[in-house]
file model_27.cif (mmCIF, C-alpha atoms, pLDDT in the B column; chains and numbers go by the auth columns)
data_structure
loop_
_atom_site.group_PDB
_atom_site.id
_atom_site.type_symbol
_atom_site.label_atom_id
_atom_site.label_comp_id
_atom_site.label_asym_id
_atom_site.label_seq_id
_atom_site.Cartn_x
_atom_site.Cartn_y
_atom_site.Cartn_z
_atom_site.B_iso_or_equiv
_atom_site.auth_seq_id
_atom_site.auth_asym_id
ATOM 1 C CA MET A 1 -46.665 -2.770 72.124 56.00 28 A
ATOM 2 C CA ALA A 2 -45.792 0.879 72.417 59.00 29 A
ATOM 3 C CA GLN A 3 -42.617 -0.007 74.283 65.00 30 A
ATOM 4 C CA GLU A 4 -41.541 -2.402 71.539 67.00 31 A
ATOM 5 C CA GLY A 5 -42.093 0.301 68.904 63.00 32 A
ATOM 6 C CA GLU A 6 -40.078 2.808 70.919 68.00 33 A
ATOM 7 C CA LYS A 7 -37.305 0.263 71.352 67.00 34 A
ATOM 8 C CA GLU A 8 -37.182 -0.372 67.583 69.00 35 A
ATOM 9 C CA VAL A 9 -36.982 3.363 66.881 65.00 36 A
ATOM 10 C CA LYS A 10 -34.169 3.746 69.426 68.00 37 A
ATOM 11 C CA ASP A 11 -32.328 0.751 67.926 70.00 38 A
ATOM 12 C CA GLN A 12 -32.645 2.269 64.451 73.00 39 A
ATOM 13 C CA GLU A 13 -31.399 5.624 65.703 72.00 40 A
ATOM 14 C CA SER A 14 -28.429 3.933 67.432 77.00 41 A
ATOM 15 C CA GLU A 15 -27.628 2.024 64.249 79.00 42 A
ATOM 16 C CA GLU A 16 -27.800 5.233 62.193 79.00 43 A
ATOM 17 C CA GLU A 17 -25.515 7.004 64.676 80.00 44 A
ATOM 18 C CA ARG A 18 -23.000 4.141 64.518 79.00 45 A
ATOM 19 C CA ASN A 19 -23.092 4.240 60.721 78.00 46 A
ATOM 20 C CA GLU A 20 -22.567 8.002 60.713 80.00 47 A
ATOM 21 C CA GLU A 21 -19.667 7.662 63.153 78.00 48 A
ATOM 22 C CA LYS A 22 -18.147 4.919 61.012 77.00 49 A
ATOM 23 C CA ILE A 23 -18.416 7.052 57.854 75.00 50 A
ATOM 24 C CA GLU A 24 -16.880 10.025 59.661 73.00 51 A
ATOM 25 C CA GLU A 25 -14.030 7.860 60.955 73.00 52 A
ATOM 26 C CA GLU A 26 -13.341 6.462 57.474 73.00 53 A
ATOM 27 C CA GLN A 27 -13.257 9.969 56.022 70.00 54 A
ATOM 28 C CA GLN A 28 -10.713 11.035 58.622 67.00 55 A
ATOM 29 C CA GLN A 29 -8.536 8.024 57.838 72.00 56 A
ATOM 30 C CA ARG A 30 -8.426 8.703 54.107 77.00 57 A
ATOM 31 C CA ILE A 31 -5.104 9.751 52.731 78.00 58 A
ATOM 32 C CA GLU A 32 -5.028 13.308 51.542 82.00 59 A
ATOM 33 C CA LEU A 33 -4.249 13.324 47.832 83.00 60 A
ATOM 34 C CA PRO A 34 -2.096 15.988 46.208 87.00 61 A
ATOM 35 C CA PRO A 35 -3.846 18.619 44.122 91.00 62 A
ATOM 36 C CA VAL A 36 -4.541 17.836 40.476 93.00 63 A
ATOM 37 C CA ASN A 37 -2.149 20.041 38.534 95.00 64 A
ATOM 38 C CA PHE A 38 0.344 19.796 35.699 96.00 65 A
ATOM 39 C CA GLU A 39 3.393 19.264 37.910 96.00 66 A
ATOM 40 C CA ASN A 40 1.865 16.366 39.830 96.00 67 A
ATOM 41 C CA PHE A 41 0.656 14.781 36.591 96.00 68 A
ATOM 42 C CA ILE A 42 4.164 14.984 35.096 97.00 69 A
ATOM 43 C CA PHE A 43 5.768 13.657 38.297 96.00 70 A
ATOM 44 C CA GLY A 44 3.354 10.723 38.231 96.00 71 A
ATOM 45 C CA LEU A 45 4.462 9.776 34.715 97.00 72 A
ATOM 46 C CA TYR A 46 8.097 10.371 35.663 96.00 73 A
ATOM 47 C CA ASN A 47 7.839 7.982 38.620 95.00 74 A
ATOM 48 C CA THR A 48 6.057 5.407 36.474 95.00 75 A
ATOM 49 C CA ALA A 49 8.898 5.490 33.948 96.00 76 A
ATOM 50 C CA LEU A 50 11.486 5.091 36.726 94.00 77 A
ATOM 51 C CA ILE A 51 9.645 2.080 38.111 93.00 78 A
ATOM 52 C CA HIS A 52 9.525 0.474 34.666 94.00 79 A
ATOM 53 C CA MET A 53 13.271 1.019 34.260 93.00 80 A
ATOM 54 C CA GLY A 54 13.911 -1.189 37.222 89.00 81 A
ATOM 55 C CA ILE A 55 13.235 -1.776 40.862 82.00 82 A
ATOM 56 C CA LEU A 56 14.696 -4.439 43.091 80.00 83 A
ATOM 57 C CA ASP A 57 12.264 -7.082 44.280 81.00 84 A
ATOM 58 C CA PRO A 58 12.608 -7.008 48.087 84.00 85 A
ATOM 59 C CA GLU A 59 11.979 -10.744 48.382 86.00 86 A
ATOM 60 C CA THR A 60 14.292 -12.050 45.660 86.00 87 A
ATOM 61 C CA GLY A 61 16.727 -9.170 45.223 83.00 88 A
ATOM 62 C CA ARG A 62 16.258 -9.479 41.457 85.00 89 A
ATOM 63 C CA LEU A 63 15.802 -6.497 39.207 84.00 90 A
ATOM 64 C CA ILE A 64 12.282 -6.179 37.819 88.00 91 A
ATOM 65 C CA ARG A 65 11.995 -3.973 34.780 91.00 92 A
ATOM 66 C CA ASN A 66 9.997 -3.396 31.653 94.00 93 A
ATOM 67 C CA LEU A 67 11.994 -1.224 29.284 95.00 94 A
ATOM 68 C CA PRO A 68 9.338 -1.089 26.534 96.00 95 A
ATOM 69 C CA LEU A 69 6.850 0.388 29.020 97.00 96 A
ATOM 70 C CA ALA A 70 9.516 2.780 30.304 97.00 97 A
ATOM 71 C CA ARG A 71 10.176 3.899 26.729 97.00 98 A
ATOM 72 C CA HIS A 72 6.442 4.320 26.092 98.00 99 A
ATOM 73 C CA THR A 73 6.058 6.513 29.181 97.00 100 A
ATOM 74 C CA ILE A 74 9.083 8.613 28.180 98.00 101 A
ATOM 75 C CA ASP A 75 7.643 8.993 24.677 98.00 102 A
ATOM 76 C CA THR A 76 4.318 10.032 26.211 98.00 103 A
ATOM 77 C CA LEU A 77 6.081 12.772 28.175 98.00 104 A
ATOM 78 C CA GLY A 78 7.858 13.834 24.974 98.00 105 A
ATOM 79 C CA MET A 79 4.505 14.050 23.182 98.00 106 A
ATOM 80 C CA ILE A 80 3.111 16.158 26.029 97.00 107 A
ATOM 81 C CA GLN A 81 6.128 18.449 25.703 97.00 108 A
ATOM 82 C CA GLU A 82 5.512 18.880 21.962 97.00 109 A
ATOM 83 C CA LYS A 83 1.754 19.385 22.277 97.00 110 A
ATOM 84 C CA THR A 84 2.038 21.925 25.093 96.00 111 A
ATOM 85 C CA LYS A 85 4.829 24.037 23.567 94.00 112 A
ATOM 86 C CA GLY A 86 4.028 27.687 24.121 95.00 113 A
ATOM 87 C CA ASN A 87 1.259 26.904 26.617 96.00 114 A
ATOM 88 C CA LEU A 88 3.338 26.132 29.712 96.00 115 A
ATOM 89 C CA THR A 89 4.681 28.515 32.291 96.00 116 A
ATOM 90 C CA ALA A 90 8.475 28.765 32.451 96.00 117 A
ATOM 91 C CA PRO A 91 8.676 26.569 35.593 96.00 118 A
ATOM 92 C CA GLU A 92 6.393 23.934 34.013 96.00 119 A
ATOM 93 C CA GLY A 93 8.411 23.898 30.800 96.00 120 A
ATOM 94 C CA ASN A 94 11.699 23.637 32.689 97.00 121 A
ATOM 95 C CA LEU A 95 10.359 20.846 34.885 97.00 122 A
ATOM 96 C CA LEU A 96 9.224 18.822 31.894 97.00 123 A
ATOM 97 C CA GLU A 97 12.477 19.402 30.012 97.00 124 A
ATOM 98 C CA ASN A 98 14.655 18.437 32.994 97.00 125 A
ATOM 99 C CA LEU A 99 12.644 15.341 33.879 97.00 126 A
ATOM 100 C CA LEU A 100 12.670 14.162 30.270 98.00 127 A
ATOM 101 C CA TYR A 101 16.440 14.614 30.074 97.00 128 A
ATOM 102 C CA GLU A 102 16.936 12.662 33.290 96.00 129 A
ATOM 103 C CA LEU A 103 14.620 9.855 32.154 96.00 130 A
ATOM 104 C CA ARG A 104 16.307 9.565 28.775 97.00 131 A
ATOM 105 C CA MET A 105 19.755 9.311 30.373 95.00 132 A
ATOM 106 C CA ASN A 106 18.515 6.707 32.859 93.00 133 A
ATOM 107 C CA TYR A 107 16.888 4.781 30.035 95.00 134 A
ATOM 108 C CA LEU A 108 20.169 4.614 28.108 95.00 135 A
ATOM 109 C CA ARG A 109 21.954 3.320 31.222 92.00 136 A
ATOM 110 C CA ALA A 110 19.217 0.759 31.885 91.00 137 A
ATOM 111 C CA ALA A 111 19.225 -0.431 28.269 91.00 138 A
ATOM 112 C CA LYS A 112 22.990 -1.087 28.440 91.00 139 A
ATOM 113 C CA GLN A 113 22.723 -2.970 31.740 83.00 140 A
ATOM 114 C CA PRO A 114 22.492 -6.771 31.324 78.00 141 A
ATOM 115 C CA GLU A 115 19.180 -8.239 32.432 69.00 142 A
ATOM 116 C CA ASP A 116 20.683 -10.664 34.944 59.00 143 A
ATOM 117 C CA GLU A 117 23.298 -8.376 36.495 54.00 144 A
ATOM 118 C CA PRO A 118 21.585 -5.602 38.476 50.00 145 A
ATOM 119 C CA LYS A 119 24.248 -3.086 39.409 49.00 146 A
ATOM 120 C CA GLU A 120 22.124 -0.196 40.594 54.00 147 A
ATOM 121 C CA GLU A 121 18.627 1.174 40.387 53.00 148 A
ATOM 122 C CA PRO A 122 18.054 4.153 38.057 54.00 149 A
ATOM 123 C CA LYS A 123 18.597 7.502 39.737 55.00 150 A
#
call {"tool": "encode", "arguments": {"input": "model_27.cif", "output": "structure tokens"}}
result
Amino acid sequence: MAQEGEKEVKDQESEEERNEEKIEEEQQQRIELPPVNFENFIFGLYNTALIHMGILDPETGRLIRNLPLARHTIDTLGMIQEKTKGNLTAPEGNLLENLLYELRMNYLRAAKQPEDEPKEEPK
């Protein structure tokens, strides 16, 4: 009886060790995320707008785009620019201004491009 009890305890300890090793391994495999800051937030919205303006489907070669969502994301960045006026550092303000300009120009190009004739992805 005592041997069976000892064996159960050892089995439980082994299982706990395997679980701990598995958790540790999963933590090491996690992708390191960028820090949460204004620049990364703005770049995230910028990239979202670019994706909505059009990406080529690798399987079909067709252009996938959603211009209303692109416009909404650009307008959201514009609202952020207005609401944060005077509260941004010079580099943050310049980044937002430059990215908005680039998105607006890309949006105009994308809006003029026929839906069924993909010529190029937005820059």
call {"tool": "atom_distance", "arguments": {"input": "model_27.cif", "atom1": "atom CA of Leu83 of chain A", "atom2": "atom CA of Thr100 of chain A"}}
result
19.7 Å
call {"tool": "closest_residue", "arguments": {"input": "model_27.cif", "among": "A:Glu86, A:Glu59, A:Asp102, A:Glu47", "to": "Leu72 of chain A", "atoms": "all atoms listed in the file"}}
result
A:Asp102
call {"tool": "resolve_selection", "arguments": {"input": "model_27.cif", "expression": "the PyMOL selection byres ((chain A and resi 93) around 9)", "output": "JSON list (two decimals) with C-alpha atoms, keeping the file's coordinate frame"}}
result
[["chain", "number", "residue", "atom", "x", "y", "z"],
["A", 78, "ILE", "CA", 9.64, 2.08, 38.11],
["A", 79, "HIS", "CA", 9.52, 0.47, 34.67],
["A", 80, "MET", "CA", 13.27, 1.02, 34.26],
["A", 81, "GLY", "CA", 13.91, -1.19, 37.22],
["A", 91, "ILE", "CA", 12.28, -6.18, 37.82],
["A", 92, "ARG", "CA", 12.00, -3.97, 34.78],
["A", 94, "LEU", "CA", 11.99, -1.22, 29.28],
["A", 95, "PRO", "CA", 9.34, -1.09, 26.53],
["A", 96, "LEU", "CA", 6.85, 0.39, 29.02],
["A", 97, "ALA", "CA", 9.52, 2.78, 30.30],
["A", 98, "ARG", "CA", 10.18, 3.90, 26.73]]
call {"tool": "atom_distance", "arguments": {"input": "model_27.cif", "atom1": "atom CA of Thr116 of chain A", "atom2": "atom CA of Ile69 of chain A"}}
result
13.8 Å
call {"tool": "closest_residue", "arguments": {"input": "model_27.cif", "among": "A:Lys112, A:Lys49, A:Lys139, A:His99", "to": "Tyr73 of chain A", "atoms": "only C-alpha atoms"}}
result
A:His99
call {"tool": "atom_distance", "arguments": {"input": "model_27.cif", "atom1": "atom CA of Thr103 of chain A", "atom2": "atom CA of Leu127 of chain A"}}
result
10.2 Å
